[in-house]
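*Asks:* So that we are looking at the same thing, I have put the structure below in structure tokens.
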Amino acid sequence: MGASLQADQLSVSYGAHRIVHNVDVDLLPGGVTALIGPNGSGKTTLLRGMCRLAETEGQVSLDGADISSLSPRSFAQRLTILAQQRPTPTGLTAAEVVELGRHPHRGRFRRADPDGAEVVERSLVLCGLEELRHRPVTELSGGQLQRVWLATCLAQQTDVLLLDEPTTFLDMKHQMSLLDLIRDLADIHGLTVGVVLHDLEQAADIADHVVLLQEGSVLSAGTPSEVMTSARLSEVYGVPIDVAPMPSGGLSVRAQRAGRRRAAPEAAPTPAREESTAALPIPA
Ligand SMILES: Nc1ncnc2c1ncn2[C@@H]1O[C@H](COP(=O)(O)OP(=O)(O)OP(=O)(O)O)[C@@H](O)[C@H]1O
């Protein structure tokens with residue numbers, strides 16, 4: 001059974017501006033919960049509030065214990081977040097950055113971490129970074145760096161993993177392997193995963209539970225097909241959206257564009273005919 005992370009009547013503010021209003025959100029223990037909603041609906045702010053990175057009112061509890069009662073070190077051993085923006089450290093290789101994830105397990109004075117090397121190695125492999133391990137992180141592409149940060153989170157070996165738009169910067173192949181990895185982390189390793197995703201088909205594909213936010217409040221929560229109805233998504237996103245079950249499972253989610261489509265190219269002359277004409281003998 002995975003860890004439970006629960007927000008009860010949680011409000012999150014930046015200074016005087018309250019962004020998230022009295023929400024109750026439970027991340028499914030040992031499962032994947034996707035947070036979805038339009039730009040500015042408060043997904044990142046909610047995630048930050050759930051991991052003590054923002055000013056909150058209300059309560060967040062981890063396996064029933066108020067997170068404010070946990071020491072920073074024990075909290076970091078239990079929960080980590082892949083945030084949207086992180087400063088790129090200078091003078092470190094990819095493997096050295098991933099090792100930073102072991103920090104809460106070493107504690108002060110760099111105490112022994114017998115599992116450290118193996119866990120770092122496994123995290124590098126899971127994120128496909130074997131070839132890049134010795135490269136300075138300042139020389140990596142956005143997608144490569146994103147995978148380094150994910151590996152750093154994995155090296156932290158927490159029970160709860162929060163991911164804020166983790167597919168940003170990733171090409172199709174790496175997006176698919178990341179989604180597979182997220183599913184495996186829940187199914188095989190029992191992690192509790194909360195993930196912000198903009199791609200609604202990806203959310204329906206990997207999430208057990210979906211939370212739809214609108215203007216800092218939870219509009220709907222439940223299974224993907226309960227939450228992601230055509231009428232609800234069209235209203236929240238302000239554009240007509242068709243939702244249909246896919247034969248392979250999951251949902252097809254298509255927004256309809258109002259503008260003109262690109263004109264279809266004019267039919268080209270049939271090459272076979274041209275070739276046969278060219279091949280005819282020239283009459284004398
Ligand atoms: N540091 C900040 N200070 C003040 N307001 C902020 C800050 N960060 C975000 N906001 C505001 O909070 C609101 C919610 O932002 P948030 O980033 O949580 O939304 P989001 O749903 O994650 O959006 P997106 O899909 O665009 O990433 C927005 O109106 C934004 O302008």
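By convention here, the chains of the structure tokens are called A, B, ... in the order presented, each chain's residues are numbered starting at 1, and ligands are numbered starting at 1 in the order presented.
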Which residues are near ligand 1 in this structure, taking near to mean any atom at most 6 Å from a ligand atom and counting only C-alpha atoms and all ligand atoms? Format them as a list in words.
*Replies:*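 Result of the 6 Å neighbour search around ligand 1: Tyr14, Ile19, Pro38, Asn39, Gly40, Ser41, Gly42, Lys43, Thr44 and Thr45 of chain A.
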*Asks:* Could the residues of stretch 182-213 of chain A that have an atom at most 12 Å from stretch 82-101 of chain A be listed as CSV, each with its closest atom pair and the distance in Å to one decimal, counting only C-alpha atoms and ordered by chain and ascending residue number?
*Replies:*
```
residue,atom,partner,partner_atom,distance
A:Val193,CA,A:Leu82,CA,11.1
A:Gly194,CA,A:Leu82,CA,10.4
A:Val195,CA,A:Leu82,CA,9.4
A:Val196,CA,A:Gln84,CA,10.0
A:Leu197,CA,A:Gln84,CA,11.5
```
*Asks:* Can you work out the spacing between atom CA of A:Met50 and atom CA of A:Gln214 in Å, to one decimal?
*Replies:* 17.4 Å
*Asks:* Check the smallest atom-to-atom distance from each of A:Asp63, A:Glu55, A:Asp180, A:Asp8 to A:Asn22 using only C-alpha atoms, then report the winner.
*Replies:* A:Asp8
*Asks:* Please determine, counting only C-alpha atoms, which residue among A:Gly49, A:Leu5, A:Pro114, A:Arg102 has the shortest atom-to-atom distance to A:Gly64.
*Replies:*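 Checking each candidate against A:Gly64, we get A:Leu5 as the closest.
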*Asks:* So which bits of stretch 26-185 of chain A end up helix (DSSP H, G or I) when you DSSP the backbone, as a ChimeraX atom specification?
*Replies:* /A:43-50,67-69,72-78,94-100,103-106,108-110,116-126,130-132,137-139,142-155,172-185
*Asks:* Can you list, as an MDAnalysis selection string, every residue of stretch 51-145 of chain A that DSSP puts in strand (DSSP E or B)?
*Replies:* chainID A and resid 55:62 65:66 79:82 93 136
*Asks:* One number please: atom CA of A:Ser177 to atom CA of A:Val211, in Å, one decimal.
*Replies:*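 So the answer is 23.2 Å.
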*Asks:* Can you pull out every residue within 8 Å of A:Leu28, counting only C-alpha atoms, but drop anything in the same chain fewer than 2 positions away, and send it as a VMD selection string?
*Replies:* chain A and resid 4 to 5 26 30 to 33 192 to 193 208 to 209
*Asks:* Please, could you write that set of residues out with C-alpha atoms as an mmCIF file, in the first residue's frame?
*Replies:*
```cif
data_model
loop_
_atom_site.group_PDB
_atom_site.id
_atom_site.type_symbol
_atom_site.label_atom_id
_atom_site.label_comp_id
_atom_site.auth_asym_id
_atom_site.auth_seq_id
_atom_site.Cartn_x
_atom_site.Cartn_y
_atom_site.Cartn_z
ATOM 1 C CA SER A 4 -1.288 8.775 1.327
ATOM 2 C CA LEU A 5 -0.973 12.500 0.749
ATOM 3 C CA ASP A 26 -6.308 13.049 -1.977
ATOM 4 C CA GLY A 30 0.226 3.694 -4.731
ATOM 5 C CA GLY A 31 -1.543 5.106 -7.778
ATOM 6 C CA VAL A 32 -1.297 7.970 -10.249
ATOM 7 C CA THR A 33 -3.362 11.111 -9.762
ATOM 8 C CA THR A 192 2.096 7.583 -4.870
ATOM 9 C CA VAL A 193 2.357 9.903 -7.863
ATOM 10 C CA ASP A 208 -6.148 6.187 -11.978
ATOM 11 C CA HIS A 209 -7.623 9.360 -10.601
#
```
*Asks:* Fewer than 5 positions away in the same chain doesn't count, so skip those; otherwise give me all residues within 12 Å of A:Ala255, counting only C-alpha atoms, as a list in words.
*Replies:* Asp199, Leu200, Glu201, Ser230, Ala231, Leu233, Ser234, Glu235, Tyr237, Gly238, Val239, Pro240, Ile241, Asp242, Val243 and Ala244 of chain A
*Asks:* Between A:Leu70, A:His17, A:Gln77, A:Pro29, which one has atoms that come closest to A:Ala54, using only C-alpha atoms?
*Replies:*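 That would be A:His17, the residue with the smallest distance to A:Ala54.
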*Asks:* So which one's closest to A:Ser141, A:Leu181, A:Val20, A:Leu170, A:Leu219? Using only C-alpha atoms, please.
*Replies:*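 Ranking A:Leu181, A:Val20, A:Leu170, A:Leu219 by distance to A:Ser141, first place goes to A:Leu170.
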*Asks:* Might you pull out every residue within 9 Å of A:Arg122, with only C-alpha atoms counted and same-chain residues fewer than 5 positions away left off, and present them as a list of chain:residue names?
*Replies:*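 Everything that qualifies: A:Ala117, A:Cys127, A:Ala151, A:Leu154, A:Ala155.
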*Asks:* Point out the residue among A:Leu126, A:Leu35, A:Ile67, A:Val218 with the least atom-to-atom distance to A:Gln9, counting only C-alpha atoms.
*Replies:*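 With only C-alpha atoms as the atom set, the closest residue is A:Val218.
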